[in-house]
Amino acid sequence: MKKSLVVLALALALGTGSAAQAQVQDYVMCPGDVLQVVVYGHEDLSTLAGNTQNSPYVVRPDGKVSFPLIGDVDVTGKTVTQFREELVSRFGYYLVKPQISVNVVKLGTTRVYVLGEVNRPGLFELEKSHRVLDALAKAEGFTEKSAKRNVFLVRAGSTEVQQLNINNYLRKADQSANLELHEGDCLYLTSNHKVIFSKDIMPFLTGAYYINEIKNDD
């Protein structure tokens, strides 16, 4: 019963808080996003009408998009509105008062690991929203043993561990723990408030990596 209530609380937090937040906050772009970019009056710089799924403007794994005239534009941490404003500014060096629209016609996904005391540990793909609570929802919430005050985040390519308090979000709607996740990040929930990277996390990441590589080779 206790576990069900915890999962329900997480689901309600995601279903109400995140949905309301998404309405007022612009989408944060990520690798894999396919963009429809229209530079009015300049068809050579624009995505062809009716062919948006094959748009030349796709966010690369390094978080950048290449454009004629202005070169690479980094989308990391930018909303669609901020990205469009940067295009207007940079194209403004070559065009007179450029009018530009940007739409995301296909969302990219962010793959993250959720391990330890969750109901369904593993590797998950996050779409549209790529935050800690989205990843925990994919893993179907925490177990009864999980220490929700001590959720550990390991950034991809790093052995540094960041400690998060999910209780503060569930009880106080504190957003500080609901961080944006990046490709390859790992969330780890323990039952004893401690985490040893080499013992607790690395074996799972190594196994998941090889499984993923085998699937990609099929």
# chains A, B, ... in the order shown; residues from 1 in each chain; ligands from 1
>>> residues_around(residues="A:Val39", least_positions_apart="2", cutoff="10 Å", atoms="only C-alpha atoms", output="ChimeraX atom specification")
/A:37,41-47,87-88,91,95,98-102
>>> select_by_dssp(residues="stretch 13-144 of chain A", states="alpha helix (DSSP H)", output="PyMOL selection string")
chain A and resi 19-24+80-91+132-138
>>> write_last_selection(atoms="N, CA and C atoms", output="PDB file, in the first residue's frame")
ATOM      1  N   ALA A  19       2.766  18.971 -16.380  1.00  0.00           N
ATOM      2  CA  ALA A  19       1.914  19.384 -17.488  1.00  0.00           C
ATOM      3  C   ALA A  19       1.683  20.884 -17.454  1.00  0.00           C
ATOM      4  N   ALA A  20       1.430  21.392 -16.240  1.00  0.00           N
ATOM      5  CA  ALA A  20       1.214  22.836 -16.135  1.00  0.00           C
ATOM      6  C   ALA A  20       2.477  23.598 -16.478  1.00  0.00           C
ATOM      7  N   GLN A  21       3.607  23.049 -16.033  1.00  0.00           N
ATOM      8  CA  GLN A  21       4.877  23.712 -16.304  1.00  0.00           C
ATOM      9  C   GLN A  21       5.171  23.729 -17.792  1.00  0.00           C
ATOM     10  N   ALA A  22       4.835  22.612 -18.489  1.00  0.00           N
ATOM     11  CA  ALA A  22       5.108  22.529 -19.916  1.00  0.00           C
ATOM     12  C   ALA A  22       4.316  23.560 -20.696  1.00  0.00           C
ATOM     13  N   GLN A  23       3.142  23.952 -20.159  1.00  0.00           N
ATOM     14  CA  GLN A  23       2.319  24.924 -20.848  1.00  0.00           C
ATOM     15  C   GLN A  23       2.921  26.323 -20.802  1.00  0.00           C
ATOM     16  N   VAL A  24       3.666  26.596 -19.750  1.00  0.00           N
ATOM     17  CA  VAL A  24       4.195  27.946 -19.594  1.00  0.00           C
ATOM     18  C   VAL A  24       5.667  28.037 -19.966  1.00  0.00           C
ATOM     19  N   VAL A  80      12.925  26.643 -28.062  1.00  0.00           N
ATOM     20  CA  VAL A  80      12.714  26.928 -29.476  1.00  0.00           C
ATOM     21  C   VAL A  80      12.715  28.430 -29.724  1.00  0.00           C
ATOM     22  N   THR A  81      12.106  29.174 -28.817  1.00  0.00           N
ATOM     23  CA  THR A  81      12.062  30.636 -28.955  1.00  0.00           C
ATOM     24  C   THR A  81      13.461  31.235 -28.909  1.00  0.00           C
ATOM     25  N   GLN A  82      14.292  30.791 -27.970  1.00  0.00           N
ATOM     26  CA  GLN A  82      15.655  31.307 -27.868  1.00  0.00           C
ATOM     27  C   GLN A  82      16.476  30.941 -29.103  1.00  0.00           C
ATOM     28  N   PHE A  83      16.266  29.733 -29.607  1.00  0.00           N
ATOM     29  CA  PHE A  83      16.966  29.288 -30.806  1.00  0.00           C
ATOM     30  C   PHE A  83      16.578  30.151 -31.995  1.00  0.00           C
ATOM     31  N   ARG A  84      15.282  30.421 -32.161  1.00  0.00           N
ATOM     32  CA  ARG A  84      14.820  31.258 -33.279  1.00  0.00           C
ATOM     33  C   ARG A  84      15.405  32.671 -33.168  1.00  0.00           C
ATOM     34  N   GLU A  85      15.453  33.206 -31.958  1.00  0.00           N
ATOM     35  CA  GLU A  85      16.006  34.551 -31.765  1.00  0.00           C
ATOM     36  C   GLU A  85      17.480  34.590 -32.144  1.00  0.00           C
ATOM     37  N   GLU A  86      18.220  33.513 -31.852  1.00  0.00           N
ATOM     38  CA  GLU A  86      19.635  33.481 -32.238  1.00  0.00           C
ATOM     39  C   GLU A  86      19.775  33.428 -33.759  1.00  0.00           C
ATOM     40  N   LEU A  87      18.901  32.661 -34.417  1.00  0.00           N
ATOM     41  CA  LEU A  87      18.939  32.615 -35.883  1.00  0.00           C
ATOM     42  C   LEU A  87      18.685  33.992 -36.469  1.00  0.00           C
ATOM     43  N   VAL A  88      17.679  34.681 -35.949  1.00  0.00           N
ATOM     44  CA  VAL A  88      17.367  36.032 -36.436  1.00  0.00           C
ATOM     45  C   VAL A  88      18.575  36.946 -36.276  1.00  0.00           C
ATOM     46  N   SER A  89      19.225  36.863 -35.122  1.00  0.00           N
ATOM     47  CA  SER A  89      20.388  37.714 -34.867  1.00  0.00           C
ATOM     48  C   SER A  89      21.541  37.397 -35.816  1.00  0.00           C
ATOM     49  N   ARG A  90      21.835  36.119 -36.002  1.00  0.00           N
ATOM     50  CA  ARG A  90      22.995  35.737 -36.820  1.00  0.00           C
ATOM     51  C   ARG A  90      22.742  35.911 -38.305  1.00  0.00           C
ATOM     52  N   PHE A  91      21.541  35.580 -38.751  1.00  0.00           N
ATOM     53  CA  PHE A  91      21.216  35.817 -40.154  1.00  0.00           C
ATOM     54  C   PHE A  91      21.117  37.316 -40.455  1.00  0.00           C
ATOM     55  N   VAL A 132      14.542  14.584 -14.317  1.00  0.00           N
ATOM     56  CA  VAL A 132      14.678  13.500 -13.353  1.00  0.00           C
ATOM     57  C   VAL A 132      13.347  12.786 -13.120  1.00  0.00           C
ATOM     58  N   LEU A 133      12.264  13.549 -12.905  1.00  0.00           N
ATOM     59  CA  LEU A 133      10.984  12.917 -12.620  1.00  0.00           C
ATOM     60  C   LEU A 133      10.431  12.165 -13.816  1.00  0.00           C
ATOM     61  N   ASP A 134      10.754  12.628 -15.025  1.00  0.00           N
ATOM     62  CA  ASP A 134      10.338  11.889 -16.220  1.00  0.00           C
ATOM     63  C   ASP A 134      11.009  10.515 -16.247  1.00  0.00           C
ATOM     64  N   ALA A 135      12.292  10.485 -15.882  1.00  0.00           N
ATOM     65  CA  ALA A 135      13.029   9.218 -15.864  1.00  0.00           C
ATOM     66  C   ALA A 135      12.492   8.287 -14.784  1.00  0.00           C
ATOM     67  N   LEU A 136      12.179   8.834 -13.602  1.00  0.00           N
ATOM     68  CA  LEU A 136      11.645   8.010 -12.526  1.00  0.00           C
ATOM     69  C   LEU A 136      10.268   7.449 -12.889  1.00  0.00           C
ATOM     70  N   ALA A 137       9.477   8.230 -13.609  1.00  0.00           N
ATOM     71  CA  ALA A 137       8.171   7.745 -14.046  1.00  0.00           C
ATOM     72  C   ALA A 137       8.330   6.595 -15.033  1.00  0.00           C
ATOM     73  N   LYS A 138       9.321   6.692 -15.921  1.00  0.00           N
ATOM     74  CA  LYS A 138       9.593   5.603 -16.872  1.00  0.00           C
ATOM     75  C   LYS A 138       9.964   4.321 -16.123  1.00  0.00           C
TER      76      LYS A 138
END
>>> closest_residue(among="A:Leu181, A:Leu189, A:Leu126, A:Val28", to="A:Ser146", atoms="only C-alpha atoms")
A:Leu189
>>> atom_distance(atom1="atom CA of A:Glu117", atom2="atom CA of A:Val154")
15.6 Å
>>> closest_atom_pairs(of="stretch 69-103 of chain A", to="stretch 31-35 of chain A", cutoff="9 Å", atoms="only C-alpha atoms", output="CSV")
residue,atom,partner,partner_atom,distance
A:Val75,CA,A:Pro31,CA,8.5
A:Thr76,CA,A:Pro31,CA,8.6
A:Val102,CA,A:Leu35,CA,6.8
A:Asn103,CA,A:Leu35,CA,5.7
>>> atom_distance(atom1="atom CA of A:Glu140", atom2="atom CA of A:Asn119")
5.6 Å
>>> atom_distance(atom1="atom CA of A:Cys186", atom2="atom CA of A:Ile166")
15.3 Å
>>> closest_residue(among="A:Asp26, A:Val65, A:Lys145, A:Tyr188", to="A:Tyr113", atoms="only C-alpha atoms")
A:Tyr188
>>> select_by_dssp(residues="stretch 56-212 of chain A", states="strand (DSSP E)", output="ChimeraX atom specification")
/A:64-67,71-74,100-106,109-116,122-127,151-154,161-164,186-189
>>> write_last_selection(atoms="C-alpha atoms", output="mmCIF file, in the first residue's frame")
data_model
loop_
_atom_site.group_PDB
_atom_site.id
_atom_site.type_symbol
_atom_site.label_atom_id
_atom_site.label_comp_id
_atom_site.auth_asym_id
_atom_site.auth_seq_id
_atom_site.Cartn_x
_atom_site.Cartn_y
_atom_site.Cartn_z
ATOM 1 C CA LYS A 64 24.477 21.684 -32.981
ATOM 2 C CA VAL A 65 22.679 22.394 -36.255
ATOM 3 C CA SER A 66 24.453 23.507 -39.436
ATOM 4 C CA PHE A 67 23.102 26.343 -41.592
ATOM 5 C CA GLY A 71 27.530 27.753 -39.862
ATOM 6 C CA ASP A 72 26.872 25.773 -36.668
ATOM 7 C CA VAL A 73 24.329 26.914 -34.083
ATOM 8 C CA ASP A 74 24.384 25.282 -30.636
ATOM 9 C CA ILE A 100 12.205 33.273 -39.401
ATOM 10 C CA SER A 101 9.960 30.577 -37.973
ATOM 11 C CA VAL A 102 11.093 27.370 -36.267
ATOM 12 C CA ASN A 103 9.029 24.285 -35.491
ATOM 13 C CA VAL A 104 10.099 20.921 -34.087
ATOM 14 C CA VAL A 105 8.448 18.369 -36.399
ATOM 15 C CA LYS A 106 9.978 15.322 -34.719
ATOM 16 C CA THR A 109 15.023 11.296 -27.460
ATOM 17 C CA THR A 110 17.440 11.234 -24.554
ATOM 18 C CA ARG A 111 18.573 7.811 -23.302
ATOM 19 C CA VAL A 112 19.215 7.595 -19.566
ATOM 20 C CA TYR A 113 19.778 4.841 -17.010
ATOM 21 C CA VAL A 114 17.616 4.494 -13.895
ATOM 22 C CA LEU A 115 19.084 1.905 -11.522
ATOM 23 C CA GLY A 116 18.825 0.636 -7.969
ATOM 24 C CA GLY A 122 17.004 -0.155 -16.963
ATOM 25 C CA LEU A 123 17.793 2.092 -19.922
ATOM 26 C CA PHE A 124 14.976 4.427 -20.975
ATOM 27 C CA GLU A 125 14.325 6.875 -23.801
ATOM 28 C CA LEU A 126 12.838 10.196 -22.741
ATOM 29 C CA GLU A 127 10.912 12.253 -25.278
ATOM 30 C CA VAL A 151 18.868 10.068 -5.288
ATOM 31 C CA PHE A 152 22.243 10.067 -6.999
ATOM 32 C CA LEU A 153 22.872 11.509 -10.466
ATOM 33 C CA VAL A 154 25.979 10.553 -12.429
ATOM 34 C CA VAL A 161 28.044 11.882 -8.093
ATOM 35 C CA GLN A 162 25.415 14.581 -7.475
ATOM 36 C CA GLN A 163 22.945 14.027 -4.620
ATOM 37 C CA LEU A 164 19.273 14.994 -5.145
ATOM 38 C CA CYS A 186 22.476 7.689 -14.772
ATOM 39 C CA LEU A 187 20.080 7.989 -11.812
ATOM 40 C CA TYR A 188 20.733 5.611 -8.929
ATOM 41 C CA LEU A 189 18.429 5.084 -5.942
#
>>> closest_residue(among="A:Val38, A:Leu170, A:Ala147, A:Cys30", to="A:Asp62", atoms="only C-alpha atoms")
A:Cys30
>>> decode(residues="stretch 79-90 of chain A", atoms="all heavy atoms", output="mmCIF file, in the first residue's frame")
data_model
loop_
_atom_site.group_PDB
_atom_site.id
_atom_site.type_symbol
_atom_site.label_atom_id
_atom_site.label_comp_id
_atom_site.auth_asym_id
_atom_site.auth_seq_id
_atom_site.Cartn_x
_atom_site.Cartn_y
_atom_site.Cartn_z
ATOM 1 N N THR A 79 15.525 27.000 -25.551
ATOM 2 C CA THR A 79 14.156 26.735 -25.966
ATOM 3 C C THR A 79 14.049 27.041 -27.459
ATOM 4 O O THR A 79 14.950 27.654 -28.053
ATOM 5 C CB THR A 79 13.160 27.614 -25.202
ATOM 6 O OG1 THR A 79 13.405 28.994 -25.537
ATOM 7 C CG2 THR A 79 13.305 27.418 -23.695
ATOM 8 N N VAL A 80 12.925 26.643 -28.062
ATOM 9 C CA VAL A 80 12.714 26.928 -29.476
ATOM 10 C C VAL A 80 12.715 28.430 -29.724
ATOM 11 O O VAL A 80 13.277 28.916 -30.704
ATOM 12 C CB VAL A 80 11.390 26.292 -29.960
ATOM 13 C CG1 VAL A 80 11.104 26.674 -31.408
ATOM 14 C CG2 VAL A 80 11.446 24.780 -29.817
ATOM 15 N N THR A 81 12.106 29.174 -28.817
ATOM 16 C CA THR A 81 12.062 30.636 -28.955
ATOM 17 C C THR A 81 13.461 31.235 -28.909
ATOM 18 O O THR A 81 13.811 32.103 -29.734
ATOM 19 C CB THR A 81 11.203 31.246 -27.829
ATOM 20 O OG1 THR A 81 9.865 30.739 -27.926
ATOM 21 C CG2 THR A 81 11.174 32.769 -27.935
ATOM 22 N N GLN A 82 14.292 30.791 -27.970
ATOM 23 C CA GLN A 82 15.655 31.307 -27.868
ATOM 24 C C GLN A 82 16.476 30.941 -29.103
ATOM 25 O O GLN A 82 17.279 31.745 -29.584
ATOM 26 C CB GLN A 82 16.320 30.757 -26.609
ATOM 27 C CG GLN A 82 15.729 31.294 -25.317
ATOM 28 C CD GLN A 82 16.220 30.550 -24.091
ATOM 29 O OE1 GLN A 82 16.585 29.366 -24.167
ATOM 30 N NE2 GLN A 82 16.224 31.220 -22.947
ATOM 31 N N PHE A 83 16.266 29.733 -29.607
ATOM 32 C CA PHE A 83 16.966 29.288 -30.806
ATOM 33 C C PHE A 83 16.578 30.151 -31.995
ATOM 34 O O PHE A 83 17.434 30.590 -32.780
ATOM 35 C CB PHE A 83 16.636 27.822 -31.066
ATOM 36 C CG PHE A 83 17.239 27.260 -32.321
ATOM 37 C CD1 PHE A 83 18.598 27.012 -32.422
ATOM 38 C CD2 PHE A 83 16.433 26.971 -33.419
ATOM 39 C CE1 PHE A 83 19.152 26.489 -33.582
ATOM 40 C CE2 PHE A 83 16.975 26.446 -34.577
ATOM 41 C CZ PHE A 83 18.333 26.204 -34.660
ATOM 42 N N ARG A 84 15.282 30.421 -32.161
ATOM 43 C CA ARG A 84 14.820 31.258 -33.279
ATOM 44 C C ARG A 84 15.405 32.671 -33.168
ATOM 45 O O ARG A 84 15.840 33.252 -34.172
ATOM 46 C CB ARG A 84 13.286 31.328 -33.276
ATOM 47 C CG ARG A 84 12.705 32.058 -34.501
ATOM 48 C CD ARG A 84 11.250 32.392 -34.308
ATOM 49 N NE ARG A 84 11.069 33.389 -33.266
ATOM 50 C CZ ARG A 84 11.236 34.696 -33.453
ATOM 51 N NH1 ARG A 84 11.595 35.166 -34.648
ATOM 52 N NH2 ARG A 84 11.061 35.532 -32.457
ATOM 53 N N GLU A 85 15.453 33.206 -31.958
ATOM 54 C CA GLU A 85 16.006 34.551 -31.765
ATOM 55 C C GLU A 85 17.480 34.590 -32.144
ATOM 56 O O GLU A 85 17.950 35.597 -32.709
ATOM 57 C CB GLU A 85 15.806 34.986 -30.311
ATOM 58 C CG GLU A 85 14.346 35.266 -29.962
ATOM 59 C CD GLU A 85 14.142 35.516 -28.482
ATOM 60 O OE1 GLU A 85 15.104 35.282 -27.703
ATOM 61 O OE2 GLU A 85 13.030 35.936 -28.101
ATOM 62 N N GLU A 86 18.220 33.513 -31.852
ATOM 63 C CA GLU A 86 19.635 33.481 -32.238
ATOM 64 C C GLU A 86 19.775 33.428 -33.759
ATOM 65 O O GLU A 86 20.658 34.073 -34.333
ATOM 66 C CB GLU A 86 20.346 32.293 -31.603
ATOM 67 C CG GLU A 86 21.822 32.238 -31.983
ATOM 68 C CD GLU A 86 22.632 31.290 -31.120
ATOM 69 O OE1 GLU A 86 22.121 30.811 -30.101
ATOM 70 O OE2 GLU A 86 23.796 31.042 -31.481
ATOM 71 N N LEU A 87 18.901 32.661 -34.417
ATOM 72 C CA LEU A 87 18.939 32.615 -35.883
ATOM 73 C C LEU A 87 18.685 33.992 -36.469
ATOM 74 O O LEU A 87 19.371 34.412 -37.413
ATOM 75 C CB LEU A 87 17.899 31.615 -36.412
ATOM 76 C CG LEU A 87 18.138 30.137 -36.148
ATOM 77 C CD1 LEU A 87 17.049 29.307 -36.828
ATOM 78 C CD2 LEU A 87 19.514 29.689 -36.628
ATOM 79 N N VAL A 88 17.679 34.681 -35.949
ATOM 80 C CA VAL A 88 17.367 36.032 -36.436
ATOM 81 C C VAL A 88 18.575 36.946 -36.276
ATOM 82 O O VAL A 88 18.933 37.708 -37.189
ATOM 83 C CB VAL A 88 16.149 36.614 -35.692
ATOM 84 C CG1 VAL A 88 15.975 38.101 -36.024
ATOM 85 C CG2 VAL A 88 14.878 35.853 -36.059
ATOM 86 N N SER A 89 19.225 36.863 -35.122
ATOM 87 C CA SER A 89 20.388 37.714 -34.867
ATOM 88 C C SER A 89 21.541 37.397 -35.816
ATOM 89 O O SER A 89 22.145 38.305 -36.404
ATOM 90 C CB SER A 89 20.834 37.533 -33.407
ATOM 91 O OG SER A 89 22.029 38.243 -33.148
ATOM 92 N N ARG A 90 21.835 36.119 -36.002
ATOM 93 C CA ARG A 90 22.995 35.737 -36.820
ATOM 94 C C ARG A 90 22.742 35.911 -38.305
ATOM 95 O O ARG A 90 23.626 36.338 -39.053
ATOM 96 C CB ARG A 90 23.422 34.312 -36.473
ATOM 97 C CG ARG A 90 24.002 34.238 -35.056
ATOM 98 C CD ARG A 90 24.431 32.853 -34.666
ATOM 99 N NE ARG A 90 25.452 32.300 -35.542
ATOM 100 C CZ ARG A 90 26.090 31.159 -35.307
ATOM 101 N NH1 ARG A 90 25.806 30.459 -34.219
ATOM 102 N NH2 ARG A 90 27.000 30.712 -36.148
#
